[in-house]
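What follows is the content of data-v7.cif (mmCIF, C-alpha atoms).
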```
data_query
loop_
_atom_site.label_atom_id
_atom_site.label_comp_id
_atom_site.auth_asym_id
_atom_site.auth_seq_id
_atom_site.Cartn_x
_atom_site.Cartn_y
_atom_site.Cartn_z
CA MET R 1 -20.09 7.56 -10.19
CA LYS R 2 -20.70 10.71 -8.20
CA SER R 3 -18.29 13.33 -6.89
CA PHE R 4 -17.00 12.66 -3.36
CA LEU R 5 -14.47 15.47 -2.87
CA LYS R 6 -11.76 17.50 -4.58
CA THR R 7 -8.15 17.18 -3.40
CA LYS R 8 -4.68 17.79 -4.85
CA ASP R 9 -1.24 16.35 -5.27
CA TYR R 10 0.46 18.05 -2.33
CA SER R 11 3.83 16.33 -2.67
CA VAL R 12 4.83 16.71 -6.34
CA SER R 13 2.71 18.56 -8.93
CA GLN R 14 0.18 20.56 -6.84
CA GLU R 15 -2.46 19.62 -9.43
CA GLU R 16 -6.09 19.15 -8.39
CA PHE R 17 -8.01 15.89 -8.81
CA GLN R 18 -11.51 14.66 -8.13
CA LEU R 19 -12.37 11.61 -6.06
CA LEU R 20 -15.44 9.86 -7.44
CA TYR R 21 -17.53 7.41 -5.42
CA ASP R 22 -18.16 4.00 -7.01
CA ASP R 23 -21.33 2.78 -5.31
CA ALA R 24 -21.13 -0.75 -6.74
CA LEU R 25 -17.70 -1.38 -5.21
CA ASP R 26 -17.89 1.05 -2.26
CA MET R 27 -14.59 2.73 -3.17
CA LEU R 28 -13.23 6.03 -4.47
CA VAL R 29 -11.64 6.54 -7.89
CA THR R 30 -9.12 9.30 -8.73
CA ALA R 31 -10.11 11.36 -11.77
CA PRO R 32 -8.70 12.03 -14.19
CA GLU R 33 -6.09 9.26 -14.34
CA PRO R 34 -2.96 10.91 -15.84
CA GLU R 35 -1.62 9.54 -19.11
CA ASN R 36 1.98 9.84 -17.91
CA LEU R 37 1.52 8.47 -14.40
CA ALA R 38 5.24 7.66 -13.99
CA SER R 39 6.13 11.36 -13.97
CA TYR R 40 4.29 11.80 -10.67
CA TYR R 41 6.76 9.44 -9.00
CA GLU R 42 9.82 11.35 -10.24
CA SER R 43 10.55 13.27 -7.07
CA ASP R 44 13.07 13.05 -4.24
CA THR R 45 10.13 13.45 -1.87
CA TYR R 46 8.63 10.10 -2.84
CA ILE R 47 10.16 8.26 0.07
CA SER R 48 9.32 4.63 -0.74
CA HIS R 49 11.62 4.86 -3.79
CA THR R 50 14.53 6.16 -1.70
CA ASP R 51 16.32 5.33 1.52
CA ALA R 52 16.38 8.98 2.60
CA LYS R 53 16.83 9.96 6.25
CA LYS R 54 17.06 13.73 5.85
CA SER R 55 13.84 15.20 7.26
CA LEU R 56 11.92 14.33 10.41
CA VAL R 57 9.30 12.59 8.28
CA ASP R 58 12.05 10.58 6.54
CA LYS R 59 13.51 9.47 9.87
CA ILE R 60 10.12 8.48 11.26
CA TYR R 61 9.30 6.59 8.07
CA GLN R 62 12.58 4.65 8.12
CA ALA R 63 12.24 3.86 11.83
CA VAL R 64 8.70 2.56 11.37
CA LYS R 65 9.82 0.63 8.26
CA GLY R 66 12.47 -1.17 10.30
CA PHE R 67 9.90 -2.16 12.92
CA SER R 68 7.38 -3.13 10.23
CA LEU R 69 9.87 -5.48 8.57
CA LYS R 70 9.93 -7.63 11.70
CA ARG R 71 6.14 -7.71 11.87
CA LYS R 72 5.86 -8.60 8.17
CA LEU R 73 8.31 -11.48 8.57
CA ALA R 74 6.43 -12.77 11.62
CA LEU R 75 3.18 -12.59 9.68
CA ILE R 76 4.31 -14.57 6.62
CA LYS R 77 6.17 -17.09 8.79
CA ALA R 78 2.79 -18.26 10.10
CA PHE R 79 1.45 -19.13 6.63
CA PRO R 80 1.49 -22.76 5.45
CA THR R 81 4.28 -23.25 2.88
CA SER R 82 6.45 -26.08 1.62
CA GLU R 83 8.93 -24.29 -0.65
CA LYS R 84 8.77 -20.83 0.99
CA THR R 85 8.24 -19.12 -2.36
CA MET R 86 7.24 -15.47 -2.15
CA LEU R 87 6.56 -12.64 -4.58
CA ASP R 88 6.54 -9.02 -3.38
CA ILE R 89 4.78 -6.65 -5.79
CA GLY R 90 5.82 -3.01 -5.53
CA ALA R 91 9.01 -3.97 -3.74
CA GLY R 92 10.46 -0.45 -3.59
CA THR R 93 14.14 -0.54 -2.68
CA GLY R 94 13.95 -4.21 -1.70
CA ASP R 95 14.31 -4.13 2.08
CA PHE R 96 11.49 -6.61 2.75
CA LEU R 97 12.89 -9.09 0.23
CA VAL R 98 16.38 -8.74 1.69
CA ALA R 99 15.02 -9.56 5.15
CA ALA R 100 12.89 -12.45 3.88
CA LYS R 101 15.82 -13.92 1.94
CA LYS R 102 17.92 -13.93 5.12
CA HIS R 103 15.15 -15.96 6.76
CA GLY R 104 15.19 -18.66 4.10
CA TRP R 105 12.54 -17.46 1.69
CA ASN R 106 12.91 -17.94 -2.07
CA VAL R 107 12.02 -14.45 -3.19
CA GLU R 108 11.13 -12.55 -6.32
CA GLY R 109 9.95 -8.98 -6.60
CA VAL R 110 8.38 -6.51 -9.00
CA GLU R 111 9.11 -2.77 -8.98
CA PRO R 112 8.44 -0.48 -11.97
CA ASN R 113 10.55 2.45 -10.74
CA THR R 114 14.09 2.38 -12.18
CA ASN R 115 15.75 4.24 -9.30
CA ALA R 116 14.19 1.93 -6.71
CA ARG R 117 15.30 -1.16 -8.66
CA THR R 118 18.84 0.22 -8.80
CA LYS R 119 18.92 0.65 -5.03
CA ALA R 120 17.56 -2.87 -4.57
CA LYS R 121 20.25 -4.27 -6.88
CA GLU R 122 22.88 -2.63 -4.65
CA LYS R 123 21.42 -4.79 -1.86
CA GLU R 124 21.81 -7.87 -4.11
CA VAL R 125 18.11 -8.13 -4.89
CA ALA R 126 17.23 -8.15 -8.60
CA LEU R 127 13.68 -6.97 -9.26
CA HIS R 128 11.45 -7.36 -12.33
CA SER R 129 10.01 -4.19 -13.82
CA SER R 130 6.57 -5.75 -14.43
CA LEU R 131 4.49 -8.86 -13.76
CA ASP R 132 4.91 -9.83 -17.42
CA GLN R 133 8.61 -10.55 -16.81
CA LEU R 134 7.93 -13.35 -14.32
CA SER R 135 8.93 -16.70 -15.76
CA SER R 136 6.94 -18.80 -13.32
CA GLY R 137 3.92 -18.62 -11.05
CA ASN R 138 2.38 -20.61 -8.21
CA PHE R 139 3.87 -18.51 -5.42
CA GLU R 140 2.90 -19.65 -1.94
CA VAL R 141 2.83 -16.06 -0.65
CA ILE R 142 2.24 -12.86 -2.63
CA THR R 143 2.44 -9.53 -0.84
CA LEU R 144 1.39 -6.01 -1.82
CA TRP R 145 2.33 -3.53 0.92
CA HIS R 146 0.50 -0.29 0.03
CA VAL R 147 0.67 -1.13 -3.69
CA LEU R 148 -2.81 -2.13 -4.88
CA GLU R 149 -3.94 1.51 -4.80
CA HIS R 150 -1.22 2.37 -7.35
CA LEU R 151 -2.07 -0.18 -10.05
CA PRO R 152 -3.70 1.00 -13.30
CA ASP R 153 -6.23 -1.30 -14.97
CA LEU R 154 -7.10 -2.60 -11.52
CA GLU R 155 -9.34 -5.59 -12.19
CA ASN R 156 -7.08 -7.07 -14.88
CA GLN R 157 -4.07 -6.58 -12.60
CA ILE R 158 -5.90 -8.40 -9.80
CA LYS R 159 -6.68 -11.24 -12.21
CA SER R 160 -2.97 -11.49 -13.15
CA ILE R 161 -1.87 -11.46 -9.51
CA VAL R 162 -4.32 -14.18 -8.48
CA SER R 163 -3.17 -16.34 -11.41
CA LEU R 164 0.35 -16.32 -9.92
CA LEU R 165 -0.84 -17.60 -6.54
CA ASP R 166 -0.58 -21.27 -5.56
CA VAL R 167 -3.92 -22.98 -5.04
CA ASN R 168 -3.20 -23.11 -1.30
CA GLY R 169 -1.34 -19.81 -1.28
CA THR R 170 -1.85 -16.63 0.71
CA LEU R 171 -2.32 -13.13 -0.68
CA VAL R 172 -1.46 -10.23 1.65
CA ILE R 173 -2.70 -6.74 0.83
CA ALA R 174 -2.18 -3.57 2.88
CA VAL R 175 -4.07 -0.45 1.79
CA PRO R 176 -5.27 2.86 3.26
CA ASN R 177 -8.90 3.01 4.40
CA PHE R 178 -10.89 6.07 3.35
CA LYS R 179 -13.52 5.28 5.99
CA SER R 180 -11.11 5.81 8.89
CA TYR R 181 -11.38 8.56 11.51
CA ASP R 182 -8.25 10.38 10.30
CA ALA R 183 -9.49 10.32 6.68
CA LYS R 184 -12.72 11.99 7.75
CA HIS R 185 -10.89 14.44 10.03
CA TYR R 186 -8.42 15.68 7.40
CA ASN R 187 -10.87 15.41 4.49
CA GLN R 188 -9.17 16.74 1.29
CA TYR R 189 -5.84 17.07 3.17
CA TRP R 190 -5.67 13.40 4.13
CA ALA R 191 -2.20 12.35 3.02
CA ALA R 192 -3.22 8.77 2.18
CA TYR R 193 -5.31 10.01 -0.76
CA ASP R 194 -1.91 10.81 -2.36
CA VAL R 195 -3.43 11.60 -5.75
CA PRO R 196 -2.76 10.77 -8.53
CA ARG R 197 -0.32 8.04 -7.45
CA HIS R 198 -3.18 6.45 -5.53
CA LEU R 199 -5.70 5.70 -8.25
CA TRP R 200 -8.11 3.79 -6.00
CA HIS R 201 -9.22 4.26 -2.38
CA PHE R 202 -10.56 1.13 -0.74
CA SER R 203 -12.98 0.04 1.92
CA LYS R 204 -13.26 -3.51 3.24
CA ASN R 205 -16.36 -3.92 1.06
CA ALA R 206 -14.32 -2.95 -2.00
CA ILE R 207 -11.61 -5.53 -1.28
CA THR R 208 -14.27 -8.19 -0.73
CA ARG R 209 -16.14 -7.37 -3.96
CA LEU R 210 -13.05 -7.01 -6.15
CA PHE R 211 -11.49 -10.30 -5.09
CA GLU R 212 -14.64 -12.40 -4.95
CA LYS R 213 -14.74 -11.92 -8.74
CA GLN R 214 -11.55 -14.04 -8.75
CA ASP R 215 -13.08 -16.57 -6.36
CA MET R 216 -11.09 -15.32 -3.36
CA TYR R 217 -12.23 -14.44 0.13
CA ILE R 218 -10.87 -12.43 3.06
CA GLU R 219 -9.70 -14.85 5.72
CA LYS R 220 -8.60 -12.17 8.17
CA THR R 221 -8.34 -8.39 8.51
CA LYS R 222 -5.70 -6.70 10.66
CA PRO R 223 -5.31 -3.03 11.65
CA LEU R 224 -2.07 -1.20 10.86
CA TRP R 225 -1.88 1.05 13.90
CA PHE R 226 1.30 2.97 13.06
CA ASP R 227 -0.11 4.27 9.79
CA ALA R 228 -2.56 6.58 11.55
CA PHE R 229 0.33 8.49 13.16
CA TYR R 230 2.48 8.75 10.05
CA VAL R 231 -0.43 9.74 7.79
CA SER R 232 -1.62 12.31 10.34
CA LEU R 233 1.86 13.84 10.45
CA LEU R 234 1.88 14.32 6.67
CA SER R 235 -1.73 15.52 6.69
CA GLU R 236 -0.90 18.22 9.23
CA LYS R 237 1.84 19.46 6.89
CA TYR R 238 -0.51 19.51 3.90
CA LYS R 239 -3.23 21.34 5.82
CA TYR R 240 -1.21 23.82 7.88
CA GLY R 241 2.20 23.96 6.20
CA LYS R 242 3.96 22.47 9.24
CA GLN R 243 4.12 19.04 10.81
CA ASN R 244 2.54 19.69 14.25
CA LEU R 245 4.02 16.54 15.78
CA PHE R 246 1.93 16.53 18.95
CA LYS R 247 -1.36 17.27 17.20
CA ALA R 248 -0.62 14.59 14.60
CA PHE R 249 0.02 12.10 17.41
CA PHE R 250 -3.27 13.07 19.05
CA ILE R 251 -5.29 12.65 15.83
CA GLY R 252 -3.55 9.34 15.10
CA LEU R 253 -4.37 8.16 18.62
CA CYS R 254 -8.00 9.26 18.24
CA SER R 255 -8.19 7.38 14.96
CA ASN R 256 -6.86 4.18 16.52
CA ILE R 257 -9.17 4.45 19.53
CA SER R 258 -12.10 4.98 17.16
CA ALA R 259 -11.03 1.91 15.15
CA LEU R 260 -11.31 -0.31 18.24
CA SER R 261 -15.09 -0.11 17.90
CA SER R 262 -15.60 0.86 14.23
CA LYS R 263 -12.96 -1.59 12.88
CA GLU R 264 -12.01 1.18 10.42
CA CYS R 265 -8.27 1.72 10.95
CA SER R 266 -6.27 4.28 8.94
CA SER R 267 -4.75 1.42 6.96
CA GLN R 268 -5.81 -2.19 6.99
CA LEU R 269 -4.18 -5.48 6.10
CA TYR R 270 -6.18 -8.18 4.34
CA ILE R 271 -5.21 -11.85 4.22
CA LEU R 272 -6.94 -13.57 1.30
CA ARG R 273 -7.17 -17.14 0.03
CA LYS R 274 -8.67 -18.96 -2.93
CA ARG R 275 -11.98 -20.70 -2.41
CA LYS R 276 -11.78 -24.50 -2.59
#
```
Would you mind writing the file's structure down as structure tokens?
Amino acid sequence: MKSFLKTKDYSVSQEEFQLLYDDALDMLVTAPEPENLASYYESDTYISHTDAKKSLVDKIYQAVKGFSLKRKLALIKAFPTSEKTMLDIGAGTGDFLVAAKKHGWNVEGVEPNTNARTKAKEKEVALHSSLDQLSSGNFEVITLWHVLEHLPDLENQIKSIVSLLDVNGTLVIAVPNFKSYDAKHYNQYWAAYDVPRHLWHFSKNAITRLFEKQDMYIEKTKPLWFDAFYVSLLSEKYKYGKQNLFKAFFIGLCSNISALSSKECSSQLYILRKRK
């Protein structure tokens, strides 16, 4: 692997990390991978483990999350199911599972962070701390919303996830895209690199190559338009020390317009199925 760029953990430790390019998979790898990765999540600023609404970024995140919940539910509703069994990996504080449960889904979730699991339990959603704790498999829908990039031992984790999927099931993965316009614009300040919490940085080629090893294929790819705006807002803060709301909106808009032709959105959603 060759060096791609040097960036840093802007939100917690301020430590520097290298991004290495894996030519075989067409993806970036964070180096070094910290031994105590959990410590990099122990911060009040890590918003997906809280329900904070203090800062402008918090409020925007929570507003977009509320809108996204409706879109997620509409998406999974269209999948063929008989028992409506769903597993959400990296469930955070459980909001998606709460919403899905209200719509008749039989849900389970996995979340390694203790504080996030506690908040989910307050919403009457009990989460497992790891995949190993699941007592059964064959889920009709498995979702990972901006989670795959966090998982150590990536290929073995993918193998475990696929083993839990029903033969006719649907796997939904949302991840940032390092080939997007906003990633190239912000370079080392691009917030979606989020090192070292993001261990891997994917392209569509990478998702295809990683999952074809488990005899899965991408049925459909969807752009996640809102991510370009939110990521640009954080990137402005990392680069200039302030949020620059209007400039962030402009860069996010440019990124989305660029993606109309390049098909390289800031974040992308992949719908995968097992080959017959």
Could you state the separation of atom CA of R:Trp190 and atom CA of R:Leu97 in Å, given to one decimal place?
29.4 Å
Could you list, as a list in words, every residue matched by the PyMOL selection byres ((chain R and resi 273) around 8) in this structure?
Asn168, Gly169, Thr170, Leu171, Met216, Tyr217, Ile218, Glu219, Ile271, Leu272, Lys274 and Arg275 of chain R
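Residue membership of the PyMOL selection byres ((chain R and resi 253) around 12) in the shown file amounts to Tyr181, Asp182, Trp225, Phe226, Asp227, Ala228, Phe229, Tyr230, Val231, Ser232, Leu233, Phe246, Lys247, Ala248, Phe249, Phe250, Ile251, Gly252, Cys254, Ser255, Asn256, Ile257, Ser258, Ala259, Leu260, Cys265 and Ser266 of chain R.
You will find atom CA of R:Gly92 at 5.4 Å from atom CA of R:Ala116.
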Separation of atom CA of R:Leu69 from atom CA of R:Ala99 in Å:
7.4 Å
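Picked by the PyMOL selection byres ((chain R and resi 109) around 10) from the coordinates shown: Met86, Leu87, Asp88, Ile89, Gly90, Ala91, Gly92, Gly94, Phe96, Leu97, Val107, Glu108, Val110, Glu111, Arg117, Ala120, Val125, Ala126, Leu127, His128, Ser129, Ser130, Leu131, Leu134, Ile142 and Thr143 of chain R.
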Which polymer residues have any atom within 8 Å of an atom of stretch 28-38 of chain R, counting all atoms listed in the file, with same-chain residues fewer than 3 positions away left out, as a VMD selection string?
chain R and resid 4 17 to 22 41 to 42 195 to 202
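Distance annotation: of R:Leu164, R:Val172, R:Leu234, R:Ile207, the residue with the minimal separation from R:Ala192 is R:Leu234; atom set is all atoms listed in the file.
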Contacts of R:Lys237 at 9 Å (all atoms listed in the file; same-chain gap of 6+ positions) as number ranges by chain:
R: 189, 243-244
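With distances taken over all atoms listed in the file, R:Trp145 is the one residue among R:Ala24, R:Trp145, R:Ser262, R:Tyr240 lying closest to R:Ser68.
Shortest separation to R:Leu224 among R:Glu83, R:Asp132, R:Glu149, R:Glu264 occurs at residue R:Glu264, atoms counted being all atoms listed in the file.
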Please determine an axis-aligned box that encloses all atoms of stretch 87-101 of chain R listed in the file, with 8 Å added on each side, and express its centre and edge lengths in Å to one decimal as lines of an AutoDock Vina configuration file.
```
center_x = 10.6
center_y = -7.2
center_z = -0.3
size_x = 27.6
size_y = 29.5
size_z = 26.9
```
Of R:Phe139, R:Tyr186, R:Tyr270, R:Phe211, the one sitting nearest R:Asp166 when using all atoms listed in the file is R:Phe139
